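Have a look at the structure below, then the notes.
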Amino acid sequence: GADGKPHFLPSSGPVCLGGPCCEVREGSSSSDTYVTAGSVEAARLSVGGLLQLVDAAAGDGHRRGLALCRPPGHHASRSRSSGFCLVNNVAVAAAYARHTYPEIQRVLILDWDVHHGQGTQQIFEQSSDVMVFNVHRHDGQSFYPATGGASEVGSG
């Protein structure tokens with residue numbers, strides 16, 4: 001960008017709102033995620049807050065931070081919005097931390113939610129630099145998103 005920093009989200013225009021199998025459709029009654037005039041801006045602000053947390057944590061030498069944010073983002077994958085999540089906020093923040101601060105060698109994401117964060121898992125399941133630890137309800141195939149069984153482990 002003009003400020004010399006990489007921009008992980010465009011300042012305007014659609015973000016993860018199209019493509020095959022996308023569950024986000026404006027005005028559609030068949031999708032689980034509804035987009036309103038302020039949805040993309042809310043997602044951008046949520047990601048922006050996380051990036052500010054990364055900068056603050058990296059700048060103070062403690063190398064840790066806690067963010068409680070909405071929308072959560074953990075259902076969105078690299079190319080698909082899902083489960084009320086337009087952008088995977090924590091995935092963007094982890095990538096930003098690794099890219100911007102080379103001294104940060106590893107990132108731990110603790111995802112504590114009633115639903116499994118399958119999007120975050122998918123993004124980092126082959127990464128040796130980011131560990132995703134999910135704590136969630138699992139009832140086999142009867143509870144959204146029907147993923148996150150004990151046998152699902154990363155390969156990175």
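Starting from 1 in every chain, residues are counted up; chains themselves are A, B, ... following the order of the structure tokens, and ligands are numbered from 1 as listed.
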>> Give me, as a list of chain:residue names, all polymer residues having an atom no more than 6 Å from stretch 98-109 of chain A, counting only C-alpha atoms and skipping those fewer than 2 positions away in the same chain.
In response: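 That gives A:Ala95, A:Tyr96, A:Asp129, A:Val130, A:Met131, A:Val132.
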>> Among stretch 29-58 of chain A, which residues does DSSP mark as helix (DSSP H, G or I) when it is run on the backbone? Keep the chain and numbering as in the structure and answer as a VMD selection string.
In response: chain A and resid 39 to 58
>> Need the shell around stretch 53-60 of chain A: protein/DNA/RNA residues with any atom at most 7 Å away, counting only C-alpha atoms. Skip same-chain ones fewer than 5 positions apart. Format as a list in words?
In response: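 Residues near the query, excluding close chain neighbours: Gly65, Ala93 and Ala97 of chain A.
Taking only C-alpha atoms into account, A:Cys85 lies nearest to A:Gln118 out of the set A:Leu68, A:Phe133, A:Gln118, A:Ser151.
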Write out as an mmCIF file with all heavy atoms, in the first residue's frame the residues lying within 8 Å of A:Ala76, counting only C-alpha atoms and excluding same-chain residues fewer than 6 positions away.
```
data_model
loop_
_atom_site.group_PDB
_atom_site.id
_atom_site.type_symbol
_atom_site.label_atom_id
_atom_site.label_comp_id
_atom_site.auth_asym_id
_atom_site.auth_seq_id
_atom_site.Cartn_x
_atom_site.Cartn_y
_atom_site.Cartn_z
ATOM 1 N N SER A 82 -18.648 -18.514 5.076
ATOM 2 C CA SER A 82 -19.493 -19.594 5.567
ATOM 3 C C SER A 82 -19.869 -19.334 7.018
ATOM 4 O O SER A 82 -19.132 -18.673 7.748
ATOM 5 C CB SER A 82 -18.723 -20.917 5.457
ATOM 6 O OG SER A 82 -19.459 -22.002 5.955
ATOM 7 N N GLY A 83 -21.001 -19.874 7.441
ATOM 8 C CA GLY A 83 -21.388 -19.855 8.836
ATOM 9 C C GLY A 83 -21.375 -18.479 9.478
ATOM 10 O O GLY A 83 -20.866 -18.321 10.576
ATOM 11 N N CYS A 85 -19.600 -16.000 8.686
ATOM 12 C CA CYS A 85 -18.255 -15.429 8.655
ATOM 13 C C CYS A 85 -17.884 -15.040 7.231
ATOM 14 O O CYS A 85 -17.822 -15.888 6.349
ATOM 15 C CB CYS A 85 -17.245 -16.442 9.195
ATOM 16 S SG CYS A 85 -17.596 -16.982 10.874
ATOM 17 N N LEU A 86 -17.641 -13.753 7.027
ATOM 18 C CA LEU A 86 -17.251 -13.269 5.702
ATOM 19 C C LEU A 86 -15.753 -13.424 5.477
ATOM 20 O O LEU A 86 -15.317 -13.806 4.409
ATOM 21 C CB LEU A 86 -17.638 -11.799 5.540
ATOM 22 C CG LEU A 86 -19.114 -11.473 5.687
ATOM 23 C CD1 LEU A 86 -19.344 -9.979 5.473
ATOM 24 C CD2 LEU A 86 -19.949 -12.294 4.729
ATOM 25 N N VAL A 87 -14.960 -13.092 6.492
ATOM 26 C CA VAL A 87 -13.498 -13.119 6.416
ATOM 27 C C VAL A 87 -12.989 -13.841 7.655
ATOM 28 O O VAL A 87 -13.507 -13.649 8.747
ATOM 29 C CB VAL A 87 -12.923 -11.683 6.386
ATOM 30 C CG1 VAL A 87 -11.411 -11.693 6.391
ATOM 31 C CG2 VAL A 87 -13.448 -10.907 5.195
ATOM 32 N N ASN A 88 -11.973 -14.664 7.502
ATOM 33 C CA ASN A 88 -11.395 -15.358 8.644
ATOM 34 C C ASN A 88 -10.409 -14.414 9.328
ATOM 35 O O ASN A 88 -9.222 -14.373 9.013
ATOM 36 C CB ASN A 88 -10.715 -16.652 8.203
ATOM 37 C CG ASN A 88 -10.426 -17.546 9.371
ATOM 38 O OD1 ASN A 88 -9.895 -17.107 10.380
ATOM 39 N ND2 ASN A 88 -10.790 -18.813 9.239
ATOM 40 N N GLN A 118 -13.872 -24.731 11.260
ATOM 41 C CA GLN A 118 -13.345 -25.531 10.153
ATOM 42 C C GLN A 118 -12.586 -24.687 9.142
ATOM 43 O O GLN A 118 -11.666 -25.166 8.487
ATOM 44 C CB GLN A 118 -14.462 -26.341 9.473
ATOM 45 C CG GLN A 118 -15.259 -25.646 8.406
ATOM 46 C CD GLN A 118 -16.308 -24.663 8.911
ATOM 47 O OE1 GLN A 118 -16.371 -24.327 10.080
ATOM 48 N NE2 GLN A 118 -17.144 -24.175 8.006
ATOM 49 N N GLY A 119 -12.942 -23.421 8.994
ATOM 50 C CA GLY A 119 -12.220 -22.561 8.057
ATOM 51 C C GLY A 119 -10.793 -22.328 8.500
ATOM 52 O O GLY A 119 -9.855 -22.447 7.704
ATOM 53 N N THR A 120 -10.595 -22.014 9.771
ATOM 54 C CA THR A 120 -9.246 -21.801 10.295
ATOM 55 C C THR A 120 -8.442 -23.096 10.217
ATOM 56 O O THR A 120 -7.265 -23.085 9.854
ATOM 57 C CB THR A 120 -9.308 -21.293 11.753
ATOM 58 O OG1 THR A 120 -10.187 -20.171 11.821
ATOM 59 C CG2 THR A 120 -7.933 -20.882 12.240
#
```
>> I need the residues in stretch 30-139 of chain A that are strand (DSSP E or B) according to DSSP; give them as number ranges by chain.
In response: A: 33, 82, 85, 107-112, 130-135
For C-alpha atoms, I'd like the residues from the last selection saved as a compact mmCIF listing (two decimals), in the first residue's frame.
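Heads up, here's the output in again20.txt:
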```txt
# COMPACT_ATOMS: atom_id res chain seq x y z
CA THR A 33 -25.11 -15.83 5.98
CA SER A 82 -19.49 -19.59 5.57
CA CYS A 85 -18.26 -15.43 8.65
CA VAL A 107 1.48 -18.52 16.24
CA LEU A 108 -1.04 -20.36 18.43
CA ILE A 109 -4.72 -19.85 17.69
CA LEU A 110 -7.05 -20.95 20.49
CA ASP A 111 -10.57 -21.16 19.06
CA TRP A 112 -13.10 -21.62 21.85
CA VAL A 130 0.58 -21.84 13.03
CA MET A 131 -1.09 -24.23 15.47
CA VAL A 132 -4.88 -24.17 15.66
CA PHE A 133 -6.38 -25.54 18.88
CA ASN A 134 -10.18 -25.88 18.69
CA VAL A 135 -12.45 -26.42 21.69
```
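The spacing separating atom CA of A:Glu152 from atom CA of A:Leu50 amounts to 26.9 Å.
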> Could you pull the residues within 12 Å of A:His136, counting only C-alpha atoms, minus those fewer than 2 positions along the same chain, as a list in words?
Replying inline: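 Everything that qualifies: His74, Leu110, Asp111, Trp112, Asp113, Val114, His115, His116, Gly117, Gln118, Phe133, Asn134, His138, Asp139, Gly140, Phe143, Tyr144, Pro145, Ala146, Thr147, Gly148, Gly149 and Ala150 of chain A.
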> Hey, can you check how far atom CA of A:Glu125 sits from atom CA of A:Glu41?
Replying inline: 28.4 Å
> From the set A:Ser155, A:Ser142, A:Asn89, A:Ser127, which residue has the shortest atom-to-atom contact distance to A:Leu51, counting only C-alpha atoms?
Replying inline: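 Checking each of A:Ser155, A:Ser142, A:Asn89, A:Ser127 against A:Leu51, counting only C-alpha atoms, the winner is A:Asn89.
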